[in-house]
Amino acid sequence: MGFSSSFLVLAALLALASWQAMASDPSPLQDLCVVDKNSPVFVNGFVCKNPMDVKADDFFKAAELEKPRMSNKVGSNVTLINVMQIAGLNTLGISLARIDYAPLGQNPPHTHPRATEILTVLEGTLYVGFVTSNPDNKFLSKVLNKGDVFVFPVGLIHFQFNPNPHKPAVAIAALNSQNPGAITIANAVFGSKPPISDDVLAKAFQVKKNTIDWLQAQFWENNHY
């Protein structure tokens, strides 16, 4: 009886661990679950509105993704189409982004905590890469040309850089989450509000506190729109 109980507990723990390890949003339990923007209820995701009230426009956005985007300080602009822009994406586990890169522009090192990303270069050339988790921290990189595809695994730090000093680049990315999230490393570490203690960061980066103070005083631009 003791062995049987232990086995059941172990099986339950393994099942829980595998559920937590899912790298994409849960599968939908109905055809659609359009966001009810007027609901006061908070859930993991969004409350569905009455299916009888669903319209085609709930699944549509005139995003004009064929048009170039203006650049900024880091030289890139990410136009994300997720559940916040298209209410019908709720529970469907997918989103899309157009990324514009100025000459020598970059999409700085960042992570998507809830999604794997697959990126396709539409125009130009990109140098891309990601770093695996501790303890190896292996860096994998590649130069991509028009039509090339690259995958960034869920949660890992990655970047894209346009090495051409004269021509812009454009890419389209698909992500397996309705709301993948983005954590830009420099912004999170040096631009947090309130700021992280410079004592903590100086020790973490093995530099002097005045270096940290200088970094925290910079304007850390958000390139997601």
# chains A, B, ... in the order shown; residues from 1 in each chain; ligands from 1
>>> residues_around(residues="Ser141 in chain A", least_positions_apart="2", cutoff="12 Å", atoms="only C-alpha atoms", output="ChimeraX atom specification")
/A:126-132,138-139,143-144,150-152,157-161
>>> residues_around(residues="range 167-184 of chain A", least_positions_apart="5", cutoff="6 Å", atoms="only C-alpha atoms", output="list in words")
Ser24, Asp25, Asn82, Val83, Gly93, Ile94, Ser95, Leu96, Ala97, Arg98, Ile99, Asp100, Tyr101, Ala102, Pro103, His110, Thr111, His112, Arg114, Ala115, Thr116, Glu117, Ile118, Leu119, Thr120, Val121, Leu122, Glu123 and Gly124 of chain A
>>> write_last_selection(atoms="N, CA, C and O atoms", output="tab-separated table (two decimals), in the first residue's frame")
chain	number	residue	atom	x	y	z
A	24	SER	N	3.66	26.71	-24.74
A	24	SER	CA	2.70	27.51	-25.48
A	24	SER	C	1.43	27.65	-24.67
A	24	SER	O	1.26	26.99	-23.65
A	25	ASP	N	0.54	28.52	-25.12
A	25	ASP	CA	-0.72	28.72	-24.41
A	25	ASP	C	-1.55	27.45	-24.40
A	25	ASP	O	-1.45	26.63	-25.31
A	82	ASN	N	-1.10	41.16	-31.23
A	82	ASN	CA	-1.44	40.11	-30.27
A	82	ASN	C	-2.89	40.28	-29.82
A	82	ASN	O	-3.66	41.00	-30.44
A	83	VAL	N	-3.24	39.63	-28.72
A	83	VAL	CA	-4.63	39.66	-28.25
A	83	VAL	C	-5.07	41.06	-27.84
A	83	VAL	O	-6.26	41.36	-27.83
A	93	GLY	N	-3.56	31.12	-28.94
A	93	GLY	CA	-2.15	30.77	-28.76
A	93	GLY	C	-1.23	31.17	-29.90
A	93	GLY	O	-0.28	30.44	-30.22
A	94	ILE	N	-1.46	32.34	-30.50
A	94	ILE	CA	-0.60	32.77	-31.58
A	94	ILE	C	-0.60	34.29	-31.67
A	94	ILE	O	-1.57	34.95	-31.31
A	95	SER	N	0.52	34.86	-32.13
A	95	SER	CA	0.61	36.29	-32.39
A	95	SER	C	1.65	36.51	-33.48
A	95	SER	O	2.35	35.58	-33.89
A	96	LEU	N	1.76	37.76	-33.92
A	96	LEU	CA	2.57	38.09	-35.08
A	96	LEU	C	3.25	39.43	-34.85
A	96	LEU	O	2.72	40.28	-34.14
A	97	ALA	N	4.42	39.61	-35.46
A	97	ALA	CA	5.10	40.91	-35.35
A	97	ALA	C	5.83	41.24	-36.64
A	97	ALA	O	6.43	40.35	-37.27
A	98	ARG	N	5.77	42.50	-37.03
A	98	ARG	CA	6.65	43.02	-38.08
A	98	ARG	C	7.76	43.78	-37.38
A	98	ARG	O	7.51	44.57	-36.47
A	99	ILE	N	9.01	43.55	-37.81
A	99	ILE	CA	10.15	44.22	-37.21
A	99	ILE	C	10.92	44.96	-38.29
A	99	ILE	O	11.36	44.35	-39.28
A	100	ASP	N	11.06	46.27	-38.13
A	100	ASP	CA	11.82	47.11	-39.06
A	100	ASP	C	13.16	47.46	-38.43
A	100	ASP	O	13.22	47.83	-37.25
A	101	TYR	N	14.22	47.38	-39.23
A	101	TYR	CA	15.56	47.68	-38.74
A	101	TYR	C	16.18	48.77	-39.62
A	101	TYR	O	16.25	48.62	-40.85
A	102	ALA	N	16.61	49.84	-39.01
A	102	ALA	CA	17.35	50.87	-39.73
A	102	ALA	C	18.73	50.32	-40.09
A	102	ALA	O	19.17	49.30	-39.53
A	103	PRO	N	19.48	50.97	-41.00
A	103	PRO	CA	20.88	50.57	-41.20
A	103	PRO	C	21.63	50.58	-39.88
A	103	PRO	O	21.56	51.54	-39.12
A	110	HIS	N	16.70	40.44	-25.70
A	110	HIS	CA	15.43	40.39	-24.97
A	110	HIS	C	14.97	38.94	-24.88
A	110	HIS	O	15.55	38.04	-25.50
A	111	THR	N	13.91	38.71	-24.14
A	111	THR	CA	13.31	37.38	-24.05
A	111	THR	C	11.80	37.51	-24.22
A	111	THR	O	11.22	38.56	-23.98
A	112	HIS	N	11.19	36.40	-24.63
A	112	HIS	CA	9.74	36.27	-24.60
A	112	HIS	C	9.41	35.18	-23.57
A	112	HIS	O	9.63	34.00	-23.84
A	114	ARG	N	6.77	33.81	-22.60
A	114	ARG	CA	5.67	32.88	-22.84
A	114	ARG	C	5.63	32.33	-24.26
A	114	ARG	O	4.61	31.76	-24.67
A	115	ALA	N	6.70	32.46	-25.03
A	115	ALA	CA	6.58	32.03	-26.43
A	115	ALA	C	7.92	31.71	-27.08
A	115	ALA	O	8.94	32.33	-26.80
A	116	THR	N	7.88	30.73	-27.98
A	116	THR	CA	8.94	30.50	-28.96
A	116	THR	C	8.66	31.39	-30.15
A	116	THR	O	7.51	31.66	-30.49
A	117	GLU	N	9.72	31.87	-30.80
A	117	GLU	CA	9.57	32.78	-31.94
A	117	GLU	C	10.20	32.16	-33.19
A	117	GLU	O	11.29	31.59	-33.11
A	118	ILE	N	9.52	32.27	-34.31
A	118	ILE	CA	10.10	31.89	-35.60
A	118	ILE	C	10.10	33.12	-36.49
A	118	ILE	O	9.06	33.76	-36.68
A	119	LEU	N	11.28	33.50	-36.97
A	119	LEU	CA	11.48	34.76	-37.66
A	119	LEU	C	11.87	34.52	-39.12
A	119	LEU	O	12.72	33.67	-39.41
A	120	THR	N	11.27	35.28	-40.03
A	120	THR	CA	11.57	35.20	-41.46
A	120	THR	C	12.02	36.58	-41.95
A	120	THR	O	11.34	37.58	-41.70
A	121	VAL	N	13.15	36.63	-42.64
A	121	VAL	CA	13.65	37.89	-43.19
A	121	VAL	C	12.92	38.18	-44.51
A	121	VAL	O	12.94	37.37	-45.43
A	122	LEU	N	12.29	39.34	-44.57
A	122	LEU	CA	11.58	39.75	-45.79
A	122	LEU	C	12.46	40.60	-46.70
A	122	LEU	O	12.37	40.52	-47.93
A	123	GLU	N	13.30	41.45	-46.10
A	123	GLU	CA	14.20	42.31	-46.87
A	123	GLU	C	15.49	42.50	-46.09
A	123	GLU	O	15.47	42.62	-44.86
A	124	GLY	N	16.61	42.52	-46.80
A	124	GLY	CA	17.88	42.83	-46.17
A	124	GLY	C	18.58	41.63	-45.55
A	124	GLY	O	18.28	40.47	-45.86
>>> residues_around(residues="range 186-189 of chain A", least_positions_apart="5", cutoff="10 Å", atoms="only C-alpha atoms", output="VMD selection string")
chain A and resid 108 to 110 195 to 196 201 215 to 216 218 to 222
>>> atom_distance(atom1="CA of Ala56 in chain A", atom2="CA of Asn77 in chain A")
28.5 Å
>>> select_by_dssp(residues="range 9-207 of chain A", states="alpha helix (DSSP H)", output="MDAnalysis selection string")
chainID A and resid 9:20 185:190 198:205
>>> atom_distance(atom1="CA of Phe59 in chain A", atom2="CA of Asn223 in chain A")
25.2 Å
